[in-house]
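Below is model.cif, which holds mmCIF, C-alpha atoms and all ligand atoms.
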```cif
data_model
loop_
_atom_site.label_atom_id
_atom_site.label_comp_id
_atom_site.auth_asym_id
_atom_site.auth_seq_id
_atom_site.Cartn_x
_atom_site.Cartn_y
_atom_site.Cartn_z
CA MET A 1 122.42 55.02 -35.50
CA VAL A 2 122.27 58.63 -34.19
CA GLU A 3 119.02 60.31 -33.17
CA ASN A 4 119.65 63.99 -33.84
CA VAL A 5 121.39 64.00 -37.20
CA ARG A 6 123.81 66.75 -36.12
CA GLU A 7 124.86 65.06 -32.89
CA ILE A 8 127.21 62.57 -34.47
CA LYS A 9 129.64 61.04 -32.03
CA ASP A 10 132.82 61.21 -34.12
CA GLY A 11 134.58 58.97 -31.60
CA LEU A 12 132.35 56.07 -32.68
CA PHE A 13 134.07 55.84 -36.08
CA PRO A 14 134.89 52.12 -36.49
CA PHE A 15 138.67 52.46 -36.94
CA ASN A 16 139.05 48.71 -36.57
CA GLY A 17 135.95 47.84 -38.60
CA ASP A 18 135.78 46.74 -42.23
CA GLU A 19 135.15 49.02 -45.22
CA LEU A 20 131.39 48.47 -45.07
CA HIS A 21 131.17 49.68 -41.46
CA LYS A 22 133.36 52.67 -42.16
CA LEU A 23 131.36 53.71 -45.23
CA THR A 24 128.11 53.32 -43.29
CA PHE A 25 129.41 55.64 -40.58
CA LEU A 26 130.52 58.22 -43.17
CA LEU A 27 126.91 58.52 -44.36
CA ASN A 28 126.21 60.45 -41.15
CA TYR A 29 128.16 63.32 -42.74
CA ALA A 30 126.91 62.80 -46.31
CA ILE A 31 123.33 63.55 -45.29
CA LEU A 32 124.33 66.98 -43.94
CA ALA A 33 125.17 68.14 -47.48
CA PRO A 34 123.21 71.07 -48.92
CA SER A 35 120.60 70.26 -51.56
CA HIS A 36 118.21 72.14 -53.79
CA TYR A 37 115.02 72.87 -51.73
CA ASN A 38 116.56 70.61 -49.08
CA ALA A 39 115.10 67.76 -51.13
CA GLN A 40 118.04 65.45 -50.27
CA PRO A 41 117.82 63.68 -53.66
CA TRP A 42 120.25 60.91 -52.74
CA ARG A 43 120.01 57.24 -51.93
CA PHE A 44 122.86 55.03 -50.81
CA ARG A 45 123.45 51.34 -51.53
CA LEU A 46 126.05 49.55 -49.42
CA SER A 47 127.59 46.22 -50.26
CA ASN A 48 130.85 44.37 -49.76
CA ASN A 49 132.01 46.10 -52.96
CA GLY A 50 131.62 49.60 -51.51
CA LEU A 51 129.07 52.41 -51.65
CA ASP A 52 126.82 53.42 -54.55
CA ILE A 53 125.42 56.95 -54.73
CA ILE A 54 122.07 56.93 -56.47
CA LEU A 55 119.90 59.81 -57.65
CA ASP A 56 116.45 59.73 -56.05
CA LYS A 57 114.33 60.80 -59.02
CA LYS A 58 111.25 61.23 -56.84
CA ARG A 59 113.03 64.10 -55.11
CA VAL A 60 113.97 66.02 -58.24
CA SER A 61 112.01 69.23 -58.88
CA ARG A 62 110.66 68.44 -62.33
CA PHE A 63 109.81 71.96 -63.39
CA VAL A 64 112.73 73.99 -62.13
CA ASP A 65 115.33 71.23 -62.61
CA PRO A 66 114.18 69.28 -65.71
CA HIS A 67 117.59 67.67 -66.37
CA SER A 68 118.25 66.88 -62.68
CA ARG A 69 121.27 69.19 -62.85
CA GLU A 70 120.80 70.74 -59.41
CA ALA A 71 119.82 67.38 -57.90
CA ILE A 72 123.04 65.80 -59.21
CA ILE A 73 125.07 68.77 -57.94
CA SER A 74 123.48 68.07 -54.54
CA CYS A 75 124.55 64.41 -54.76
CA GLY A 76 128.05 65.65 -55.64
CA ALA A 77 127.96 67.76 -52.48
CA ALA A 78 127.11 64.62 -50.47
CA ILE A 79 130.11 62.87 -52.07
CA GLY A 80 132.26 65.86 -51.04
CA MET A 81 131.10 65.41 -47.42
CA ILE A 82 132.11 61.74 -47.54
CA GLU A 83 135.56 62.69 -48.88
CA VAL A 84 136.14 65.30 -46.18
CA ALA A 85 134.99 62.99 -43.38
CA ALA A 86 136.94 60.00 -44.72
CA HIS A 87 140.13 62.07 -44.88
CA TYR A 88 139.62 63.28 -41.31
CA PHE A 89 139.34 59.67 -40.14
CA GLY A 90 142.54 58.81 -42.03
CA CYS A 91 141.04 57.00 -45.04
CA SER A 92 141.82 57.60 -48.72
CA VAL A 93 138.81 57.58 -50.98
CA ASN A 94 138.41 56.31 -54.53
CA ILE A 95 135.44 57.83 -56.39
CA ASN A 96 134.32 56.45 -59.75
CA TYR A 97 131.55 58.14 -61.68
CA GLU A 98 129.13 55.66 -63.23
CA ASN A 99 127.69 56.05 -66.69
CA THR A 100 126.04 52.70 -67.08
CA THR A 101 122.59 51.75 -68.29
CA ASP A 102 121.36 52.41 -64.73
CA ARG A 103 120.96 56.16 -65.27
CA ASP A 104 120.24 56.83 -61.62
CA LEU A 105 123.49 55.28 -60.40
CA LEU A 106 125.85 58.26 -60.16
CA ALA A 107 129.03 57.12 -58.46
CA HIS A 108 130.75 54.30 -56.64
CA ILE A 109 132.99 54.91 -53.63
CA ASN A 110 135.67 52.75 -52.02
CA LEU A 111 138.07 53.38 -49.16
CA THR A 112 141.52 52.55 -50.44
CA GLY A 113 144.13 53.06 -47.72
CA ASN A 114 145.51 55.44 -45.16
CA PHE A 115 145.35 59.21 -45.41
CA ASP A 116 147.21 61.78 -43.35
CA PRO A 117 144.79 64.70 -42.83
CA SER A 118 146.17 68.25 -43.07
CA ASP A 119 145.09 71.08 -40.74
CA ASN A 120 142.79 72.14 -43.55
CA ASP A 121 141.13 68.71 -43.75
CA ILE A 122 140.55 68.77 -40.00
CA ALA A 123 139.07 72.28 -40.04
CA TRP A 124 136.74 71.41 -42.94
CA PHE A 125 135.57 68.29 -41.15
CA HIS A 126 134.60 70.19 -38.00
CA ALA A 127 132.67 72.71 -40.10
CA ILE A 128 130.34 69.97 -41.44
CA LYS A 129 128.07 70.14 -38.41
CA TYR A 130 127.66 73.90 -38.23
CA ARG A 131 127.71 74.85 -41.94
CA GLN A 132 124.37 76.25 -43.02
CA THR A 133 122.81 78.24 -45.85
CA ASN A 134 122.06 81.77 -44.66
CA ARG A 135 119.81 83.99 -46.79
CA LYS A 136 120.07 87.11 -44.63
CA TYR A 137 121.64 90.40 -45.71
CA PHE A 138 125.38 90.08 -45.12
CA ASP A 139 127.71 92.66 -43.60
CA ASP A 140 130.83 93.81 -45.51
CA THR A 141 133.13 90.96 -44.44
CA GLU A 142 135.01 89.49 -47.41
CA PRO A 143 136.31 85.91 -47.52
CA PRO A 144 140.01 85.72 -46.63
CA ASN A 145 142.22 84.76 -49.60
CA GLN A 146 143.46 81.74 -47.71
CA ALA A 147 139.91 80.25 -47.59
CA ILE A 148 139.53 80.66 -51.35
CA ASP A 149 143.07 79.56 -52.25
CA SER A 150 142.70 76.24 -50.46
CA VAL A 151 139.62 75.49 -52.60
CA GLN A 152 141.19 76.68 -55.88
CA SER A 153 143.63 73.78 -56.01
CA TYR A 154 140.71 71.32 -55.89
CA ALA A 155 138.89 73.33 -58.58
CA LYS A 156 141.76 72.59 -60.98
CA THR A 157 141.74 68.86 -60.31
CA LEU A 158 137.95 68.75 -60.72
CA ASP A 159 137.96 70.76 -63.97
CA VAL A 160 135.73 73.38 -62.44
CA GLN A 161 136.26 77.13 -62.33
CA LEU A 162 135.66 79.15 -59.18
CA SER A 163 135.53 82.88 -59.82
CA LEU A 164 134.68 85.74 -57.50
CA ALA A 165 132.81 88.94 -58.33
CA ARG A 166 132.93 91.96 -56.05
CA ASP A 167 132.57 95.10 -58.14
CA ILE A 168 129.25 96.84 -57.94
CA GLY A 169 128.94 97.19 -61.74
CA THR A 170 128.93 93.41 -62.12
CA ILE A 171 126.59 92.95 -59.18
CA ILE A 172 124.10 95.45 -60.63
CA LYS A 173 124.07 93.76 -64.06
CA PHE A 174 123.73 90.35 -62.46
CA SER A 175 120.96 91.41 -60.06
CA ASP A 176 118.93 92.70 -63.03
CA MET A 177 119.11 89.23 -64.53
CA VAL A 178 118.04 87.62 -61.26
CA GLU A 179 115.06 89.96 -61.15
CA ARG A 180 114.05 89.00 -64.70
CA ALA A 181 114.36 85.31 -63.88
CA VAL A 182 112.43 85.57 -60.61
CA LYS A 183 109.57 87.49 -62.23
CA ARG A 184 109.35 84.93 -65.00
CA GLN A 185 109.40 81.96 -62.60
CA PHE A 186 106.78 83.31 -60.21
CA ALA A 187 104.48 84.15 -63.11
CA LYS A 188 104.10 80.39 -63.73
CA PRO A 189 101.60 78.68 -61.42
CA TRP A 190 103.38 75.31 -61.76
CA PHE A 191 106.60 76.93 -60.52
CA ARG A 192 104.80 78.35 -57.51
CA PHE A 193 103.17 75.02 -56.65
CA GLU A 194 106.47 73.14 -56.89
CA PHE A 195 108.23 75.82 -54.82
CA THR A 196 105.65 75.78 -52.06
CA SER A 197 105.50 71.96 -52.02
CA TRP A 198 108.94 72.10 -50.37
CA GLN A 199 107.94 74.85 -47.99
CA ARG A 200 107.54 73.85 -44.32
CA SER A 201 106.35 75.64 -41.21
CA LEU A 202 108.82 76.15 -38.37
CA LEU A 203 106.84 73.55 -36.41
CA SER A 204 106.91 70.94 -39.18
CA LEU A 205 108.28 67.52 -38.28
CA LYS A 206 109.01 66.63 -41.90
CA PRO A 207 112.67 65.69 -42.38
CA ASP A 208 113.10 67.70 -45.61
CA GLY A 209 112.12 70.98 -47.28
CA LEU A 210 112.58 74.56 -46.08
CA THR A 211 110.91 77.16 -43.98
CA GLY A 212 109.90 80.31 -45.86
CA HIS A 213 112.13 82.57 -43.76
CA GLY A 214 114.70 84.38 -45.79
CA PHE A 215 113.22 83.56 -49.20
CA TYR A 216 111.06 86.61 -49.29
CA ASN A 217 110.54 89.47 -46.93
CA THR A 218 107.70 88.12 -44.83
CA THR A 219 107.11 86.96 -41.31
CA LEU A 220 103.69 85.55 -42.15
CA PRO A 221 103.12 82.02 -40.85
CA ASN A 222 103.26 79.24 -43.38
CA LEU A 223 99.53 78.62 -43.18
CA ILE A 224 98.93 82.04 -44.73
CA SER A 225 102.05 82.56 -46.86
CA LYS A 226 101.78 79.22 -48.67
CA PRO A 227 98.30 79.71 -50.19
CA MET A 228 99.13 83.35 -50.89
CA LEU A 229 102.20 82.29 -52.85
CA ASN A 230 100.31 79.55 -54.67
CA TRP A 231 97.44 81.67 -55.84
CA PHE A 232 98.98 85.08 -56.43
CA ASN A 233 102.02 86.16 -58.38
CA TRP A 234 104.40 88.01 -56.03
CA GLY A 235 107.25 87.82 -58.56
CA SER A 236 107.61 91.57 -58.82
CA SER A 237 108.14 92.19 -55.09
CA ILE A 238 110.26 89.03 -54.60
CA GLY A 239 112.38 90.11 -57.59
CA LYS A 240 112.90 93.59 -56.08
CA TYR A 241 113.76 92.07 -52.70
CA ASN A 242 116.42 89.90 -54.38
CA VAL A 243 117.85 92.86 -56.28
CA ASP A 244 118.15 94.84 -53.06
CA LYS A 245 119.79 91.91 -51.29
CA CYS A 246 122.29 91.46 -54.14
CA ARG A 247 123.21 95.16 -54.17
CA ASN A 248 123.10 95.99 -50.46
CA GLY A 249 123.72 92.74 -48.63
CA SER A 250 126.12 90.70 -50.73
CA PRO A 251 129.75 91.90 -50.60
CA THR A 252 131.06 88.97 -52.63
CA PHE A 253 129.63 86.62 -55.24
CA ALA A 254 131.21 83.29 -56.18
CA VAL A 255 130.47 81.55 -59.44
CA ILE A 256 131.19 77.87 -60.04
CA SER A 257 131.27 77.10 -63.76
CA THR A 258 132.34 74.33 -66.13
CA ALA A 259 133.34 74.00 -69.79
CA ASN A 260 130.74 71.28 -70.40
CA ASP A 261 127.36 70.54 -68.93
CA ASP A 262 127.04 66.84 -68.16
CA ARG A 263 126.78 64.57 -65.12
CA THR A 264 130.52 64.63 -64.49
CA ASP A 265 130.52 68.44 -64.42
CA TRP A 266 127.54 68.49 -62.06
CA LEU A 267 129.07 65.98 -59.64
CA ASN A 268 132.38 67.87 -59.68
CA THR A 269 130.54 71.14 -59.07
CA GLY A 270 128.84 69.60 -56.03
CA ARG A 271 132.11 68.32 -54.59
CA LEU A 272 133.76 71.70 -55.02
CA LEU A 273 130.71 73.37 -53.48
CA THR A 274 131.19 71.29 -50.33
CA PHE A 275 134.87 72.21 -50.04
CA LEU A 276 134.08 75.90 -50.55
CA LEU A 277 131.20 75.95 -48.06
CA LEU A 278 133.20 74.18 -45.37
CA GLY A 279 136.24 76.42 -45.91
CA LEU A 280 134.05 79.50 -45.59
CA ALA A 281 132.10 78.16 -42.60
CA HIS A 282 135.42 77.58 -40.85
CA GLN A 283 136.12 81.31 -41.31
CA GLY A 284 132.70 82.21 -39.87
CA LEU A 285 131.26 83.07 -43.29
CA SER A 286 127.94 82.05 -44.75
CA VAL A 287 126.62 81.46 -48.21
CA SER A 288 123.31 81.55 -50.02
CA TYR A 289 122.35 80.88 -53.62
CA MET A 290 121.18 83.09 -56.48
CA ASN A 291 120.55 80.41 -59.06
CA GLN A 292 117.38 81.72 -60.60
CA ALA A 293 119.35 83.28 -63.47
CA ILE A 294 120.93 79.89 -64.21
CA GLN A 295 117.61 78.06 -64.11
CA GLU A 296 116.32 80.11 -67.04
CA PRO A 297 118.28 78.78 -70.07
CA ASP A 298 118.32 81.97 -72.14
CA ILE A 299 119.42 84.12 -69.19
CA ARG A 300 122.06 81.53 -68.27
CA LYS A 301 123.65 82.00 -71.71
CA GLN A 302 124.10 85.72 -71.04
CA LEU A 303 125.93 85.24 -67.73
CA PRO A 304 129.49 84.13 -68.67
CA PRO A 305 130.74 87.48 -70.03
CA ILE A 306 129.25 89.32 -67.05
CA LEU A 307 130.49 86.93 -64.36
CA GLN A 308 133.83 85.98 -66.02
CA SER A 309 132.83 82.34 -65.89
CA LEU A 310 133.26 79.36 -68.18
CA GLN A 311 130.51 78.62 -70.69
CA TYR A 312 128.22 76.86 -68.20
CA PRO A 313 127.69 78.64 -64.88
CA GLN A 314 126.45 75.99 -62.43
CA LEU A 315 126.03 77.85 -59.14
CA ILE A 316 126.01 81.49 -58.08
CA LEU A 317 126.61 82.11 -54.40
CA ARG A 318 126.49 85.16 -52.17
CA ILE A 319 129.20 85.10 -49.52
CA GLY A 320 129.29 87.11 -46.31
CA LYS A 321 128.65 87.24 -42.61
CA ALA A 322 125.31 87.27 -40.76
CA SER A 323 123.93 85.92 -37.51
CA PRO A 324 123.07 82.20 -37.65
CA VAL A 325 119.67 80.86 -38.71
CA HIS A 326 117.71 77.71 -37.82
CA PHE A 327 119.29 74.49 -39.06
CA THR A 328 117.34 72.66 -41.74
CA SER A 329 116.06 69.15 -41.08
CA ARG A 330 117.36 65.91 -42.56
CA ARG A 331 116.19 62.37 -43.15
CA SER A 332 118.09 59.85 -41.07
CA VAL A 333 120.82 57.70 -42.61
CA GLU A 334 118.47 54.70 -42.37
CA GLN A 335 115.87 56.52 -44.49
CA THR A 336 118.40 57.05 -47.26
CA ILE A 337 119.81 53.53 -47.51
CA MET A 338 118.29 51.22 -50.13
C1 LIG B 401 122.43 72.66 -56.08
C2 LIG B 401 121.81 73.55 -55.03
C3 LIG B 401 120.97 74.58 -55.42
C4 LIG B 401 120.41 75.43 -54.47
N1 LIG B 401 119.63 76.47 -54.91
C5 LIG B 401 119.15 77.35 -54.01
C6 LIG B 401 118.43 78.48 -54.45
O1 LIG B 401 118.25 78.71 -55.65
N2 LIG B 401 117.98 79.35 -53.52
C7 LIG B 401 118.20 79.15 -52.18
O2 LIG B 401 117.77 79.98 -51.39
N3 LIG B 401 118.87 78.07 -51.73
C8 LIG B 401 119.36 77.17 -52.61
N4 LIG B 401 120.09 76.10 -52.18
C9 LIG B 401 120.33 75.91 -50.75
C10 LIG B 401 119.39 74.87 -50.18
O3 LIG B 401 118.11 75.38 -50.05
C11 LIG B 401 119.94 74.39 -48.81
O4 LIG B 401 121.15 73.74 -49.04
C12 LIG B 401 119.01 73.43 -48.14
O5 LIG B 401 117.86 74.08 -47.75
C13 LIG B 401 119.64 72.77 -46.92
O6 LIG B 401 119.98 73.73 -45.97
P1 LIG B 401 121.48 73.90 -45.45
O7 LIG B 401 122.33 74.25 -46.64
O8 LIG B 401 121.41 74.99 -44.44
O9 LIG B 401 121.91 72.60 -44.86
C14 LIG B 401 120.67 75.22 -53.10
C15 LIG B 401 121.51 74.18 -52.71
C16 LIG B 401 122.08 73.35 -53.66
C17 LIG B 401 123.01 72.25 -53.24
#
```

Write the structure described by the file as structure tokens, please.
Amino acid sequence: MVENVREIKDGLFPFNGDELHKLTFLLNYAILAPSHYNAQPWRFRLSNNGLDIILDKKRVSRFVDPHSREAIISCGAAIGMIEVAAHYFGCSVNINYENTTDRDLLAHINLTGNFDPSDNDIAWFHAIKYRQTNRKYFDDTEPPNQAIDSVQSYAKTLDVQLSLARDIGTIIKFSDMVERAVKRQFAKPWFRFEFTSWQRSLLSLKPDGLTGHGFYNTTLPNLISKPMLNWFNWGSSIGKYNVDKCRNGSPTFAVISTANDDRTDWLNTGRLLTFLLLGLAHQGLSVSYMNQAIQEPDIRKQLPPILQSLQYPQLILRIGKASPVHFTSRRSVEQTIM
């Protein structure tokens, strides 16, 4: 298919091909979705009946994501990429969530007819290739209302709430909770080992995982930072660094929350995440995640009144502007097809 995963030749879309060929091509965009630790926990099964999205259990972080919640959100984000790309190429999409005995089968996708893409659909599509998570301190730029409004209508149809938090009082309360969660996580050796197992050096050829840059305030090479993180608890300084970044480098927070907490909610959260990220990327804005407070169940329960969210916050995002970072790697489409 394509060698560099970001150099997709859009003009090669098989307009005259059958559904199978079209769906196969759309996977080029699905694999560019964000995922927890860049684990890419998705597998795809293509047949004459359409496309199955399957959770790759081997890529779920057992300790930090015991119910596969963040992994399934990531698969939902991949589904969102397929929707956006299909619409751009003029195809309607039918998505059915699966709740069969095959617990890893998440959704089934078919292309159902013609679709007339709006200017918004076209802009979101072009943002797929340059969207990236950016963990730097952001300047004061706020997201334009228009970028948020266009996502809000999808939030309603997906039964997901998107709320924004900008006042410093809220940010201070929230950052204290992040600090508590970070300290608690880094105090556990198994957390540190799982975290560093996804850490890659800038020279790594592995098609998944993350470089350490931006996670904590260090420029140490991986060879040194990885064992140091494994064997020593840096939770206190990483917690402080996160607090400072929340208070001094995060003009806007976005919270995606749901009324329930099951697979449907997680997949819907992931789809909305994709629409939000692409809408913001189109406006030159970046996002990074502050999910530690959600990953700790007792702290998660305390968040809704502070963040004005529904009962189950699913993702907490910082939004702002900063200079671009290195793109993360991806497995090829071939490596993800069963
Ligand atoms: C469900 C989900 C949870 C994530 N959680 C975090 C997080 O807690 N901290 C973080 O820095 N990045 C987080 N990320 C961002 C991923 O690390 C990022 O998407 C991945 O490395 C791929 O990079 P990209 O988004 O630039 O393509 C999360 C992404 C998703 C989809």

Enumerate as a ChimeraX atom specification the residues within 8 Å of ligand LIG 401 (chain B), counting all atoms listed in the file.
/A:32-39,69-74,77,131-135,209-210,214-215,270,273,288-292,315,327-329

Would you mind reading off the distance between atom CA of His108 of chain A and atom CA of Ile294 of chain A, one decimal, in Å?
28.4 Å

For Lys188 of chain A, the nearest of the candidates A:Ser201, A:Gln295, A:Gln161, A:Asn230, counting only C-alpha atoms:
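Of A:Ser201, A:Gln295, A:Gln161, A:Asn230, the one nearest Lys188 of chain A is A:Asn230, counting only C-alpha atoms.
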
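Take atom CA of Asp56 of chain A and atom CA of Leu27 of chain A: the distance between them is 15.7 Å.
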
Calculated over only C-alpha atoms, which of the candidates A:Asn110, A:Ser153, A:Thr264, A:Asn248 has the smallest distance to Leu26 of chain A?
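Once distances to Leu26 of chain A are computed over only C-alpha atoms, the minimum belongs to A:Asn110.
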
Given only C-alpha atoms as the counted atoms, nearest of A:Phe25, A:Phe13, A:Trp198, A:Phe275 to Tyr154 of chain A:
A:Phe275

Closest to Thr157 of chain A among A:Ile79, A:Leu272, A:Met338, A:Leu202, using only C-alpha atoms?
A:Leu272

Could you please determine the separation between atom CA of Leu105 of chain A and atom CA of Lys156 of chain A in Å, to one decimal place?
25.2 Å

Expected answer as a ChimeraX atom specification: all residues with atoms within 10 Å of (106.0, 79.6, -53.2), only C-alpha atoms:
/A:186,189-199,212,215-216,225-235

Do you know which residues are at most 9 Å from segment 249-261 of chain A counting all atoms listed in the file, after dropping those on the same chain fewer than 4 positions away, and could you put them as an mmCIF file with C-alpha atoms, in the frame of the given file?
```
data_model
loop_
_atom_site.group_PDB
_atom_site.id
_atom_site.type_symbol
_atom_site.label_atom_id
_atom_site.label_comp_id
_atom_site.auth_asym_id
_atom_site.auth_seq_id
_atom_site.Cartn_x
_atom_site.Cartn_y
_atom_site.Cartn_z
ATOM 1 C CA ARG A 69 121.270 69.190 -62.850
ATOM 2 C CA LYS A 136 120.070 87.110 -44.630
ATOM 3 C CA TYR A 137 121.640 90.400 -45.710
ATOM 4 C CA PHE A 138 125.380 90.080 -45.120
ATOM 5 C CA ASP A 139 127.710 92.660 -43.600
ATOM 6 C CA ASP A 140 130.830 93.810 -45.510
ATOM 7 C CA THR A 141 133.130 90.960 -44.440
ATOM 8 C CA GLU A 142 135.010 89.490 -47.410
ATOM 9 C CA PRO A 143 136.310 85.910 -47.520
ATOM 10 C CA ASP A 159 137.960 70.760 -63.970
ATOM 11 C CA VAL A 160 135.730 73.380 -62.440
ATOM 12 C CA GLN A 161 136.260 77.130 -62.330
ATOM 13 C CA LEU A 162 135.660 79.150 -59.180
ATOM 14 C CA SER A 163 135.530 82.880 -59.820
ATOM 15 C CA LEU A 164 134.680 85.740 -57.500
ATOM 16 C CA ALA A 165 132.810 88.940 -58.330
ATOM 17 C CA ARG A 166 132.930 91.960 -56.050
ATOM 18 C CA ASP A 167 132.570 95.100 -58.140
ATOM 19 C CA ILE A 168 129.250 96.840 -57.940
ATOM 20 C CA ILE A 171 126.590 92.950 -59.180
ATOM 21 C CA ASP A 244 118.150 94.840 -53.060
ATOM 22 C CA LYS A 245 119.790 91.910 -51.290
ATOM 23 C CA ASP A 265 130.520 68.440 -64.420
ATOM 24 C CA TRP A 266 127.540 68.490 -62.060
ATOM 25 C CA THR A 269 130.540 71.140 -59.070
ATOM 26 C CA LEU A 272 133.760 71.700 -55.020
ATOM 27 C CA LEU A 273 130.710 73.370 -53.480
ATOM 28 C CA PRO A 304 129.490 84.130 -68.670
ATOM 29 C CA LEU A 307 130.490 86.930 -64.360
ATOM 30 C CA GLN A 308 133.830 85.980 -66.020
ATOM 31 C CA SER A 309 132.830 82.340 -65.890
ATOM 32 C CA LEU A 310 133.260 79.360 -68.180
ATOM 33 C CA GLN A 311 130.510 78.620 -70.690
ATOM 34 C CA TYR A 312 128.220 76.860 -68.200
ATOM 35 C CA PRO A 313 127.690 78.640 -64.880
ATOM 36 C CA GLN A 314 126.450 75.990 -62.430
ATOM 37 C CA LEU A 315 126.030 77.850 -59.140
ATOM 38 C CA ILE A 316 126.010 81.490 -58.080
ATOM 39 C CA LEU A 317 126.610 82.110 -54.400
ATOM 40 C CA ARG A 318 126.490 85.160 -52.170
ATOM 41 C CA ILE A 319 129.200 85.100 -49.520
ATOM 42 C CA GLY A 320 129.290 87.110 -46.310
#
```

Enclosing box along x, y and z for every listed atom of segment 234-248 of chain A, padded 5 Å each side, centre and size in Å, one decimal, as JSON:
```
{"center_x": 113.8, "center_y": 91.9, "center_z": -54.6, "size_x": 28.8, "size_y": 18.2, "size_z": 18.4}
```

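Nearest to Tyr88 of chain A of all the residues A:Gly76, A:Ala127, A:Thr101, A:Ile31 is A:Ala127, counting all atoms listed in the file.
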
Test item: residues at most 10 Å from Ala123 of chain A, all atoms listed in the file, excluding those fewer than 2 positions along its chain, as a PyMOL selection string:
chain A and resi 84+88+117-121+125-128+278-279+281-283

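Distances from A:Gly17, A:Pro207, A:Pro41, A:Gly50 to Asn4 of chain A were compared using only C-alpha atoms, and the smallest one belongs to A:Pro207.
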